[in-house]
Amino acid sequence: MHFALIDTVLERSPERLVAIKQVSLAEEYLQDHFPDFPVLPGVMMLEAMVQAGRELVQPKAPATRLVLGQVRALKYGKFVQPGRAIRIEVTLNKDPGDGTYDCKGEVTLLAQAGQPQPAGETGDATAASGRFTLRPLKTA
């Protein structure tokens, strides 16, 4: 099963990509996470950063299937509930030339236009951030 966790790419440069995902209650993984308080699972926020990272480095490795190699300093902040939008920003830190790419990502919960902010929330809030490495898929 494949989940598309990027709806639209807003900005793109050789070292940076910004994308948006609108989280909908129709996302099937929200049915069980959690039934009385549905929120976007943390692993899906990480996957959104990975998908954005693949999109960022794809021009450098068009024929290579890239997978998640390593995750470092991953932190979670705000819950992301259905009906909210997230902004995924990924920057390329290092391209050592060996087929791996070291990236930094951040998932931001966007403020809702025309809606009152939840208690304790001002403007955009970080939902997840961390560093990760993309590497080529190893085949046997």
# chains A, B, ... in the order shown; residues from 1 in each chain; ligands from 1
call {"tool": "closest_atom_pairs", "arguments": {"of": "range 75-100 of chain A", "to": "range 5-12 of chain A", "cutoff": "12 Å", "atoms": "only C-alpha atoms", "output": "Markdown table"}}
result
| residue | atom | partner | partner_atom | distance |
| --- | --- | --- | --- | --- |
| A:Ala85 | CA | A:Asp7 | CA | 10.1 |
| A:Ile86 | CA | A:Ile6 | CA | 9.3 |
| A:Arg87 | CA | A:Ile6 | CA | 9.1 |
| A:Ile88 | CA | A:Ile6 | CA | 8.1 |
| A:Glu89 | CA | A:Glu11 | CA | 9.1 |
| A:Val90 | CA | A:Arg12 | CA | 9.8 |
| A:Thr91 | CA | A:Arg12 | CA | 10.0 |
| A:Leu92 | CA | A:Arg12 | CA | 11.5 |
call {"tool": "select_by_dssp", "arguments": {"residues": "range 51-117 of chain A", "states": "alpha helix (DSSP H)", "output": "PyMOL selection string"}}
result
chain A and resi 51-57
call {"tool": "write_last_selection", "arguments": {"atoms": "C-alpha atoms", "output": "PDB file, in the first residue's frame"}}
result
ATOM      1  CA  GLN A  51       8.683  11.691   0.168  1.00  0.00           C
ATOM      2  CA  ALA A  52       9.588  15.379  -0.044  1.00  0.00           C
ATOM      3  CA  GLY A  53      13.280  14.450   0.165  1.00  0.00           C
ATOM      4  CA  ARG A  54      12.895  11.977  -2.713  1.00  0.00           C
ATOM      5  CA  GLU A  55      11.134  14.652  -4.748  1.00  0.00           C
ATOM      6  CA  LEU A  56      13.971  17.082  -3.948  1.00  0.00           C
ATOM      7  CA  VAL A  57      16.849  14.806  -4.999  1.00  0.00           C
TER       8      VAL A  57
END
call {"tool": "atom_distance", "arguments": {"atom1": "CA of Leu137 in chain A", "atom2": "CA of Val71 in chain A"}}
result
16.0 Å
call {"tool": "closest_residue", "arguments": {"among": "A:Cys103, A:Ala111, A:Ala26, A:Val18", "to": "Arg72 in chain A", "atoms": "only C-alpha atoms"}}
result
A:Cys103
call {"tool": "select_by_dssp", "arguments": {"residues": "chain A", "states": "strand (DSSP E)", "output": "MDAnalysis selection string"}}
result
chainID A and resid 8:13 16:22 66:76 85:94 101:109 125:136
call {"tool": "write_last_selection", "arguments": {"atoms": "C-alpha atoms", "output": "compact mmCIF listing (two decimals), in the first residue's frame"}}
result
# COMPACT_ATOMS: atom_id res chain seq x y z
CA THR A 8 1.36 20.09 -3.83
CA VAL A 9 4.93 21.29 -4.22
CA LEU A 10 5.04 25.02 -3.47
CA GLU A 11 8.74 25.79 -3.83
CA ARG A 12 11.68 23.95 -5.34
CA SER A 13 15.37 24.70 -5.67
CA ARG A 16 15.25 22.96 -0.80
CA LEU A 17 11.68 21.79 -1.36
CA VAL A 18 8.46 22.97 0.29
CA ALA A 19 5.23 20.99 -0.04
CA ILE A 20 1.71 20.95 1.43
CA LYS A 21 -0.48 18.07 2.61
CA GLN A 22 -4.13 18.52 3.57
CA LEU A 66 15.82 5.87 -2.80
CA VAL A 67 14.81 4.52 0.61
CA LEU A 68 15.17 5.78 4.16
CA GLY A 69 18.62 4.91 5.44
CA GLN A 70 18.91 6.62 8.81
CA VAL A 71 16.97 9.02 11.06
CA ARG A 72 18.59 11.33 13.60
CA ALA A 73 17.31 13.86 16.13
CA LEU A 74 13.65 13.21 15.28
CA LYS A 75 11.32 15.27 17.47
CA TYR A 76 7.56 15.51 17.56
CA ALA A 85 -2.85 21.31 6.58
CA ILE A 86 0.83 20.63 7.07
CA ARG A 87 3.80 22.25 5.37
CA ILE A 88 6.72 19.94 4.69
CA GLU A 89 10.11 21.58 4.18
CA VAL A 90 13.20 19.56 3.32
CA THR A 91 16.70 20.89 2.74
CA LEU A 92 19.65 18.95 1.35
CA ASN A 93 22.55 19.14 3.81
CA LYS A 94 25.06 16.89 2.07
CA TYR A 101 21.68 12.24 0.54
CA ASP A 102 21.65 13.79 4.01
CA CYS A 103 18.52 15.89 4.55
CA LYS A 104 16.91 18.02 7.21
CA GLY A 105 13.12 18.11 7.40
CA GLU A 106 10.40 19.94 9.24
CA VAL A 107 6.64 19.40 9.28
CA THR A 108 4.71 22.49 10.33
CA LEU A 109 1.06 22.56 11.32
CA ALA A 125 3.57 25.16 15.03
CA THR A 126 6.19 22.45 14.51
CA ALA A 127 4.64 18.98 14.35
CA ALA A 128 7.87 17.07 13.57
CA SER A 129 11.50 17.78 12.71
CA GLY A 130 14.70 15.85 12.24
CA ARG A 131 17.49 14.74 9.97
CA PHE A 132 17.44 11.71 7.73
CA THR A 133 19.48 9.99 5.06
CA LEU A 134 18.17 8.67 1.78
CA ARG A 135 20.14 5.84 0.20
CA PRO A 136 19.77 3.66 -2.90
call {"tool": "closest_residue", "arguments": {"among": "A:Asp98, A:Leu40, A:Arg65, A:Leu110", "to": "Val80 in chain A", "atoms": "only C-alpha atoms"}}
result
A:Leu40
call {"tool": "atom_distance", "arguments": {"atom1": "CA of Met45 in chain A", "atom2": "CA of Lys138 in chain A"}}
result
24.3 Å
call {"tool": "residues_around", "arguments": {"residues": "range 27-31 of chain A", "least_positions_apart": "3", "cutoff": "10 Å", "atoms": "only C-alpha atoms", "output": "PyMOL selection string"}}
result
chain A and resi 3+23-24+34-41+44+81-82
call {"tool": "atom_distance", "arguments": {"atom1": "CA of Lys60 in chain A", "atom2": "CA of Ala140 in chain A"}}
result
23.8 Å
call {"tool": "closest_residue", "arguments": {"among": "A:Thr100, A:Met49, A:Asp124, A:Asp32", "to": "Gly77 in chain A", "atoms": "only C-alpha atoms"}}
result
A:Asp124
call {"tool": "closest_residue", "arguments": {"among": "A:Gly99, A:Lys78, A:Thr139, A:Gln112", "to": "Thr64 in chain A", "atoms": "only C-alpha atoms"}}
result
A:Gly99
call {"tool": "decode", "arguments": {"residues": "range 4-30 of chain A", "atoms": "C-alpha atoms", "output": "compact mmCIF listing (two decimals), in the first residue's frame"}}
result
# COMPACT_ATOMS: atom_id res chain seq x y z
CA ALA A 4 0.79 9.95 -0.96
CA LEU A 5 1.74 12.40 1.77
CA ILE A 6 2.45 15.37 -0.48
CA ASP A 7 -0.42 17.12 -2.25
CA THR A 8 1.36 20.09 -3.83
CA VAL A 9 4.93 21.29 -4.22
CA LEU A 10 5.04 25.02 -3.47
CA GLU A 11 8.74 25.79 -3.83
CA ARG A 12 11.68 23.95 -5.34
CA SER A 13 15.37 24.70 -5.67
CA PRO A 14 18.35 22.33 -5.95
CA GLU A 15 18.79 22.40 -2.14
CA ARG A 16 15.25 22.96 -0.80
CA LEU A 17 11.68 21.79 -1.36
CA VAL A 18 8.46 22.97 0.29
CA ALA A 19 5.23 20.99 -0.04
CA ILE A 20 1.71 20.95 1.43
CA LYS A 21 -0.48 18.07 2.61
CA GLN A 22 -4.13 18.52 3.57
CA VAL A 23 -4.94 15.90 6.21
CA SER A 24 -8.39 14.45 5.66
CA LEU A 25 -10.49 12.15 7.84
CA ALA A 26 -10.77 9.96 4.73
CA GLU A 27 -7.12 8.87 5.19
CA GLU A 28 -7.52 5.21 6.12
CA TYR A 29 -4.71 5.16 8.69
CA LEU A 30 -6.68 7.69 10.79
